[in-house]
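For reference, my_file-v3.txt (compact mmCIF, C-alpha atoms):
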```txt
# COMPACT_ATOMS: atom_id res chain seq x y z
CA MET A 227 0.00 0.00 0.00
CA ARG A 228 1.49 3.30 -1.07
CA ALA A 229 1.51 6.19 1.43
CA LEU A 230 4.35 8.37 2.63
CA LEU A 231 5.90 6.85 5.74
CA ASP A 232 8.81 7.40 8.13
CA PRO A 233 10.01 3.78 8.38
CA ALA A 234 12.90 4.15 10.86
CA PRO A 235 10.93 4.96 14.03
CA ALA A 236 8.20 2.50 13.00
CA LEU A 237 10.75 -0.30 12.74
CA ALA A 238 12.46 0.70 15.99
CA SER A 239 9.12 0.65 17.80
CA LEU A 240 8.23 -2.73 16.33
CA ALA A 241 11.61 -4.19 17.29
CA ALA A 242 11.24 -2.96 20.86
CA ARG A 243 7.84 -4.66 21.20
CA ALA A 244 8.21 -7.82 19.09
CA VAL A 245 7.17 -10.92 21.03
CA PRO A 246 9.84 -13.65 20.66
CA GLY A 247 8.65 -16.47 18.43
CA VAL A 248 5.62 -14.46 17.30
CA GLU A 249 7.12 -11.54 15.41
CA VAL A 250 10.52 -11.16 13.74
CA VAL A 251 11.71 -7.62 12.98
CA ASP A 252 14.76 -7.11 10.75
CA VAL A 253 15.56 -3.42 11.07
CA ALA A 254 18.38 -3.56 8.52
CA ALA A 255 16.13 -5.20 5.91
CA ALA A 256 13.16 -3.02 6.99
CA THR A 257 10.91 -6.07 7.32
CA VAL A 258 8.49 -7.54 9.85
CA HIS A 259 7.52 -11.21 9.68
CA ARG A 260 4.66 -12.78 11.63
CA LEU A 261 1.43 -14.76 11.40
CA VAL A 262 -1.81 -12.88 10.78
CA ASP A 263 -5.34 -14.22 10.55
CA LEU A 264 -6.76 -12.79 7.34
CA GLY A 265 -10.04 -14.67 7.66
CA ALA A 266 -9.01 -18.27 7.09
CA GLY A 267 -6.63 -18.82 9.99
CA PRO A 268 -3.09 -17.60 10.60
CA VAL A 269 -0.85 -17.23 7.56
CA PRO A 270 2.72 -15.91 7.37
CA VAL A 271 2.97 -12.31 6.24
CA THR A 272 6.01 -10.15 5.63
CA ALA A 273 5.76 -6.37 5.67
CA HIS A 274 8.49 -4.40 3.91
CA LEU A 275 8.59 -0.75 5.00
CA THR A 276 9.90 2.04 2.79
CA ALA A 277 9.45 5.79 2.66
CA ALA A 278 6.89 5.21 -0.11
CA GLY A 279 4.68 2.86 1.91
CA VAL A 280 4.40 -0.78 2.94
CA GLU A 281 4.45 -3.88 0.76
CA ILE A 282 2.71 -6.88 2.34
CA ARG A 283 3.56 -10.38 1.11
CA VAL A 284 1.13 -13.09 2.19
CA ASP A 285 2.28 -16.71 2.07
CA GLY A 286 -1.15 -18.28 2.07
CA PRO A 287 -4.80 -17.69 1.27
CA ALA A 288 -5.98 -14.10 1.55
CA ALA A 289 -9.15 -12.32 0.54
CA PRO A 290 -8.86 -9.58 -2.09
CA GLY A 291 -7.82 -6.30 -0.50
CA SER A 292 -6.87 -7.91 2.81
CA ALA A 293 -3.19 -7.00 2.46
CA ASP A 294 -3.98 -3.31 1.99
CA ARG A 295 -6.42 -3.38 4.92
CA LEU A 296 -3.74 -5.00 7.07
CA ALA A 297 -1.17 -2.37 6.06
CA ALA A 298 -3.60 0.42 6.90
CA ARG A 299 -4.42 -1.07 10.31
CA TRP A 300 -0.85 -2.00 11.20
CA PHE A 301 0.96 1.13 10.02
CA GLY A 302 -1.70 3.84 9.90
CA LEU A 303 -1.40 4.29 6.16
CA ALA A 304 -5.00 5.40 5.64
CA ASP A 305 -4.65 8.51 7.83
CA ASP A 306 -4.76 11.94 6.26
CA LEU A 307 -1.52 13.47 7.50
CA ALA A 308 -2.39 16.83 5.93
CA ALA A 309 -5.29 17.18 8.37
CA VAL A 310 -2.95 16.43 11.27
CA HIS A 311 -0.46 19.05 10.10
CA ASP A 312 -3.24 21.58 9.63
CA ALA A 313 -4.43 20.99 13.18
CA LEU A 314 -1.11 20.69 15.00
CA GLY A 315 1.50 22.29 12.77
CA ALA A 316 1.45 25.62 14.61
CA ASP A 317 1.52 24.08 18.08
CA PRO A 318 4.69 25.17 19.93
CA VAL A 319 5.36 21.68 21.28
CA VAL A 320 4.16 19.25 18.63
CA GLY A 321 4.58 21.51 15.59
CA PRO A 322 8.40 21.25 15.47
CA LEU A 323 8.16 17.47 15.84
CA LEU A 324 5.76 17.28 12.91
CA ALA A 325 8.09 19.41 10.84
CA ALA A 326 11.03 17.16 11.64
CA ARG A 327 9.11 13.95 10.86
CA PRO A 328 6.24 14.91 8.56
CA HIS A 329 5.44 11.32 7.59
CA LEU A 330 5.47 9.71 11.03
CA ARG A 331 2.30 7.67 11.51
CA VAL A 332 0.49 6.11 14.47
CA PRO A 333 1.32 2.39 14.64
CA GLY A 334 -1.43 -0.15 15.13
CA HIS A 335 -1.38 -3.92 15.54
CA PRO A 336 -2.65 -6.89 13.51
CA ASP A 337 -4.06 -8.60 16.62
CA GLY A 338 -6.01 -6.53 19.12
CA PHE A 339 -5.93 -9.18 21.83
CA GLU A 340 -2.16 -9.54 21.55
CA ALA A 341 -1.75 -5.76 21.72
CA ALA A 342 -3.91 -5.63 24.85
CA VAL A 343 -2.12 -8.49 26.58
CA GLN A 344 1.25 -6.91 25.85
CA ALA A 345 0.01 -3.61 27.26
CA VAL A 346 -0.90 -5.43 30.49
CA LEU A 347 2.45 -7.21 30.57
CA THR A 348 4.39 -3.94 30.19
CA GLN A 349 2.61 -2.22 33.08
CA GLN A 350 5.32 -0.83 35.38
CA VAL A 351 8.09 -2.76 33.60
CA SER A 352 10.29 -2.20 30.55
CA LEU A 353 9.27 -3.08 27.00
CA ARG A 354 12.03 -5.71 27.02
CA ALA A 355 10.57 -7.38 30.12
CA GLY A 356 7.07 -7.24 28.67
CA ARG A 357 8.04 -8.85 25.39
CA THR A 358 9.98 -11.57 27.22
CA THR A 359 6.91 -12.37 29.28
CA GLY A 360 4.75 -12.35 26.16
CA GLY A 361 7.17 -14.83 24.62
CA ARG A 362 6.63 -17.19 27.57
CA LEU A 363 2.87 -16.97 27.08
CA ALA A 364 3.17 -17.65 23.35
CA ALA A 365 5.53 -20.59 23.85
CA ALA A 366 3.21 -22.20 26.39
CA HIS A 367 -0.21 -21.49 24.89
CA GLY A 368 0.32 -20.24 21.34
CA ARG A 369 -0.20 -22.29 18.22
CA PRO A 370 2.92 -23.45 16.34
CA HIS A 371 2.85 -23.03 12.58
CA PRO A 372 4.80 -24.98 9.93
CA SER A 373 6.59 -21.73 9.08
CA GLY A 374 8.37 -21.91 12.43
CA LEU A 375 6.43 -18.95 13.79
CA VAL A 376 3.95 -19.18 16.65
CA ALA A 377 0.49 -17.66 16.53
CA PHE A 378 -0.14 -15.62 19.67
CA PRO A 379 -2.68 -17.35 21.95
CA ARG A 380 -6.32 -16.61 21.28
CA PRO A 381 -8.53 -15.33 24.08
CA GLU A 382 -10.13 -18.75 24.52
CA ASP A 383 -6.68 -20.36 24.82
CA VAL A 384 -5.76 -18.09 27.74
CA ALA A 385 -9.19 -18.08 29.38
CA ALA A 386 -9.04 -21.88 29.59
CA VAL A 387 -5.86 -21.80 31.71
CA ASP A 388 -6.08 -21.78 35.50
CA PRO A 389 -4.90 -18.35 36.72
CA LEU A 390 -2.32 -19.87 39.05
CA ALA A 391 -0.93 -22.00 36.23
CA LEU A 392 -0.84 -18.89 34.06
CA GLN A 393 1.11 -17.05 36.73
CA ALA A 394 3.64 -19.88 36.82
CA VAL A 395 4.11 -19.62 33.04
CA LEU A 396 4.39 -15.84 32.97
CA ARG A 397 6.50 -15.53 36.15
CA VAL A 398 4.76 -12.30 37.10
CA PRO A 399 2.91 -11.15 40.22
CA HIS A 400 -0.49 -12.78 40.73
CA ALA A 401 -2.37 -9.53 40.04
CA ARG A 402 -0.83 -9.25 36.57
CA ALA A 403 -1.54 -12.87 35.68
CA ARG A 404 -5.10 -12.41 36.93
CA ALA A 405 -5.46 -9.31 34.72
CA VAL A 406 -4.33 -11.25 31.63
CA HIS A 407 -6.76 -14.06 32.45
CA ALA A 408 -9.65 -11.66 33.12
CA LEU A 409 -8.91 -9.81 29.87
CA ALA A 410 -9.00 -13.08 27.93
CA LEU A 411 -12.26 -14.04 29.60
CA ALA A 412 -13.79 -10.67 28.74
CA CYS A 413 -12.80 -11.13 25.10
CA THR A 414 -14.43 -14.58 24.99
CA GLN A 415 -17.59 -12.93 26.34
CA GLY A 416 -17.85 -10.32 23.61
CA LEU A 417 -15.26 -7.61 24.22
CA THR A 418 -13.97 -6.61 20.77
CA LEU A 419 -10.53 -5.05 20.38
CA ASP A 420 -10.55 -4.15 16.71
CA PRO A 421 -10.54 -0.86 14.79
CA GLY A 422 -14.03 0.55 14.62
CA ALA A 423 -15.07 -0.75 18.04
CA PRO A 424 -16.64 2.04 20.13
CA ALA A 425 -13.67 3.49 21.99
CA ALA A 426 -15.58 4.82 25.00
CA GLU A 427 -17.41 1.53 25.54
CA VAL A 428 -14.23 -0.53 25.16
CA ARG A 429 -12.37 1.76 27.55
CA ALA A 430 -15.09 1.36 30.18
CA ALA A 431 -15.04 -2.42 29.73
CA LEU A 432 -11.26 -2.54 30.06
CA LEU A 433 -11.31 -0.41 33.22
CA ALA A 434 -13.76 -2.91 34.69
CA VAL A 435 -11.17 -5.70 34.31
CA PRO A 436 -9.25 -6.20 37.58
CA GLY A 437 -5.67 -5.01 37.16
CA ILE A 438 -6.27 -2.78 34.12
CA GLY A 439 -5.96 0.96 34.67
CA PRO A 440 -6.23 4.09 32.53
CA TRP A 441 -2.75 3.83 30.99
CA THR A 442 -3.39 0.31 29.69
CA ALA A 443 -6.87 1.19 28.43
CA ASP A 444 -5.49 4.21 26.57
CA VAL A 445 -2.64 2.23 25.00
CA VAL A 446 -5.14 -0.39 23.81
CA ALA A 447 -7.31 2.36 22.33
CA LEU A 448 -4.32 3.73 20.45
CA ARG A 449 -2.75 0.47 19.21
CA ALA A 450 -5.68 -1.92 18.90
CA LEU A 451 -8.71 0.30 18.22
CA GLY A 452 -6.97 2.92 16.09
CA ASP A 453 -8.44 5.75 18.18
CA ARG A 454 -6.63 8.83 16.91
CA ASP A 455 -7.55 10.80 20.03
CA ALA A 456 -6.21 8.19 22.47
CA PHE A 457 -3.66 9.71 24.81
CA PRO A 458 -2.00 7.64 27.57
CA SER A 459 -1.40 10.55 29.93
CA GLY A 460 -0.01 8.22 32.58
CA ASP A 461 2.93 7.29 30.37
CA LEU A 462 6.36 7.96 31.88
CA VAL A 463 7.98 8.62 28.51
CA LEU A 464 5.39 11.27 27.67
CA ARG A 465 6.09 12.89 31.02
CA ARG A 466 9.79 12.91 30.25
CA ALA A 467 9.27 14.21 26.71
CA LEU A 468 7.17 17.08 28.00
CA GLY A 469 9.44 17.76 30.98
CA VAL A 470 6.54 17.77 33.45
CA PRO A 471 6.26 16.04 36.85
CA THR A 472 2.72 14.63 36.99
CA VAL A 473 0.08 12.72 35.04
CA ARG A 474 -2.23 15.71 35.37
CA ASP A 475 0.37 17.91 33.67
CA VAL A 476 0.52 15.50 30.73
CA ALA A 477 -3.26 15.35 30.48
CA ASP A 478 -3.49 19.14 30.62
CA ALA A 479 -0.96 19.49 27.80
CA GLY A 480 -2.82 16.95 25.71
CA ARG A 481 -6.07 18.91 25.66
CA ALA A 482 -4.58 21.28 23.10
CA TRP A 483 -4.01 18.41 20.66
CA ALA A 484 -7.50 16.88 20.53
CA PRO A 485 -8.79 15.19 18.42
CA TRP A 486 -5.33 14.13 17.19
CA ARG A 487 -3.73 13.27 20.51
CA ALA A 488 -2.53 9.85 19.33
CA PHE A 489 -0.34 11.62 16.76
CA ALA A 490 0.99 13.95 19.44
CA ALA A 491 1.80 10.99 21.68
CA THR A 492 3.54 9.14 18.85
CA HIS A 493 5.69 12.14 17.99
CA LEU A 494 6.58 12.76 21.64
CA TRP A 495 7.47 9.10 22.19
CA SER A 496 9.60 9.03 19.06
CA SER A 497 11.41 12.25 19.99
CA VAL A 498 12.66 10.59 23.17
CA ALA A 499 12.94 6.91 22.30
CA TYR A 500 14.01 7.16 18.63
CA PRO A 501 15.57 10.62 18.25
CA ASP A 502 17.68 9.90 15.18
```
For this file, produce the structure as C-alpha cells.
Amino acid sequence: MRALLDPAPALASLAARAVPGVEVVDVAAATVHRLVDLGAGPVPVTAHLTAAGVEIRVDGPAAPGSADRLAARWFGLADDLAAVHDALGADPVVGPLLAARPHLRVPGHPDGFEAAVQAVLTQQVSLRAGRTTGGRLAAAHGRPHPSGLVAFPRPEDVAAVDPLALQAVLRVPHARARAVHALALACTQGLTLDPGAPAAEVRAALLAVPGIGPWTADVVALRALGDRDAFPSGDLVLRRALGVPTVRDVADAGRAWAPWRAFAATHLWSSVAYPD
C-alpha cells in the first residue's frame, strides 16, 4: 500500500515490542515477519517498510484487498496526515516534531488481543521485560505453525488456563496474571478489540477488568482500536518528553491536541525513544 511513511521509528518501535517467536523484525532489511489471521486462519505475512509505503507479502490464502487493509491497520497508512499538520502544525510543542518527521504515523497492531495483553504485561516494567513475558505466554499457549512462527494465543486459549498456572508460566505477580486471564475471559464474552469498536465503551469495559488501569486502556485504544484521540497521559515517557512532573500535567498538555492526541503521543514518544 502506497503512502508516505517514516520507516525508521516505526521499525524501531516494532523491534522494541516484538514478542519472541511471534514476530521477527529485521531493522536492517526493513521487514516484519509474523502470522496474521486474514479470515481463514493464521498465515505468514512479511511487511516491507519504505518511505513510499508498505508492501505486504502473504504466504497463504488471503481475501482480495486484505493485504492493503492489514497495512492500513498496522501502520496507519490510511490517515490523512495533511489534516494532522493543519491541526497541530502551529503548536509550539508538537509543531516542530511534525516538521522534523512529517510522515510519522500512528502504529497499530494486527491482533487486538495480543496488543492488549502486551500492554498489560508492560505495566510498570520495561518493554524488554514485557516482550519476554509475552514470549513465555506464546511458547506455552500459542499455536505453532509450519513456518516456524507461533500464533499468539487466542482469548479462549488463555481463558481456559487456570490463573495460578498462568502465573507460573508468565512468572509475574499474581495480580498481573489475573489481569491477563480476566482480559482473555472478557474477550471470549464479547469484548472486541478491533478498529471501529466504540472506543468509549471498550475503555469502560477494560477499566472494569481487575488489574487494568487508565494507561493500559489508553494504550489499547491507540494500538488496537486505532483511536486517533487516544492519549496515555499516565505514560512515563510522555512525562519525560514534556518535561513535566505529573500525570495531570501530561493530560493538561494533551487537551490542546485533541482530536489528534494519538499523533501527538507518537511524535513525543519518538522524539525521546528514537531521536535519530
Taking all atoms listed in the file into account, produce a table as a tab-separated table in which each residue of segment 258-335 of chain A with an atom at most 10 Å from an atom of segment 413-425 of chain A appears once, together with its shortest atom pair and the distance in Å to one decimal, ordered by chain and rising number.
```
residue	atom	partner	partner_atom	distance
A:Arg299	CA	A:Pro421	CA	7.6
A:Gly334	CA	A:Pro421	CA	9.1
A:His335	CA	A:Asp420	CA	9.2
```
Next on the checklist: Rounded to one decimal, what separation in Å do you get between atom CA of Phe378 of chain A and atom CA of Phe339 of chain A?
Outcome noted: 8.9 Å
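Closest approach to Val498 of chain A from the set A:Gly480, A:Pro235, A:Pro379, A:Gly452 is made by A:Pro235, with distances taken over only C-alpha atoms.
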Checklist entry - How many Å lie between atom CA of Pro399 of chain A and atom CA of Glu382 of chain A, rounded to one decimal? => result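 Between atom CA of Pro399 of chain A and atom CA of Glu382 of chain A the gap is 21.8 Å.
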Checklist entry - For Leu353 of chain A, which residue among A:Ala244, A:Leu411, A:Trp300, A:Ala477 is the nearest when counting only C-alpha atoms? => result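 Distance minimum relative to Leu353 of chain A lands on A:Ala244.
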Item to check | Of the listed residues A:Ala482, A:Leu468, A:Val428, A:Val284, that which approaches Asp453 of chain A most closely, counting all atoms listed in the file | outcome: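 Counting all atoms listed in the file, the residue closest to Asp453 of chain A is A:Val428.
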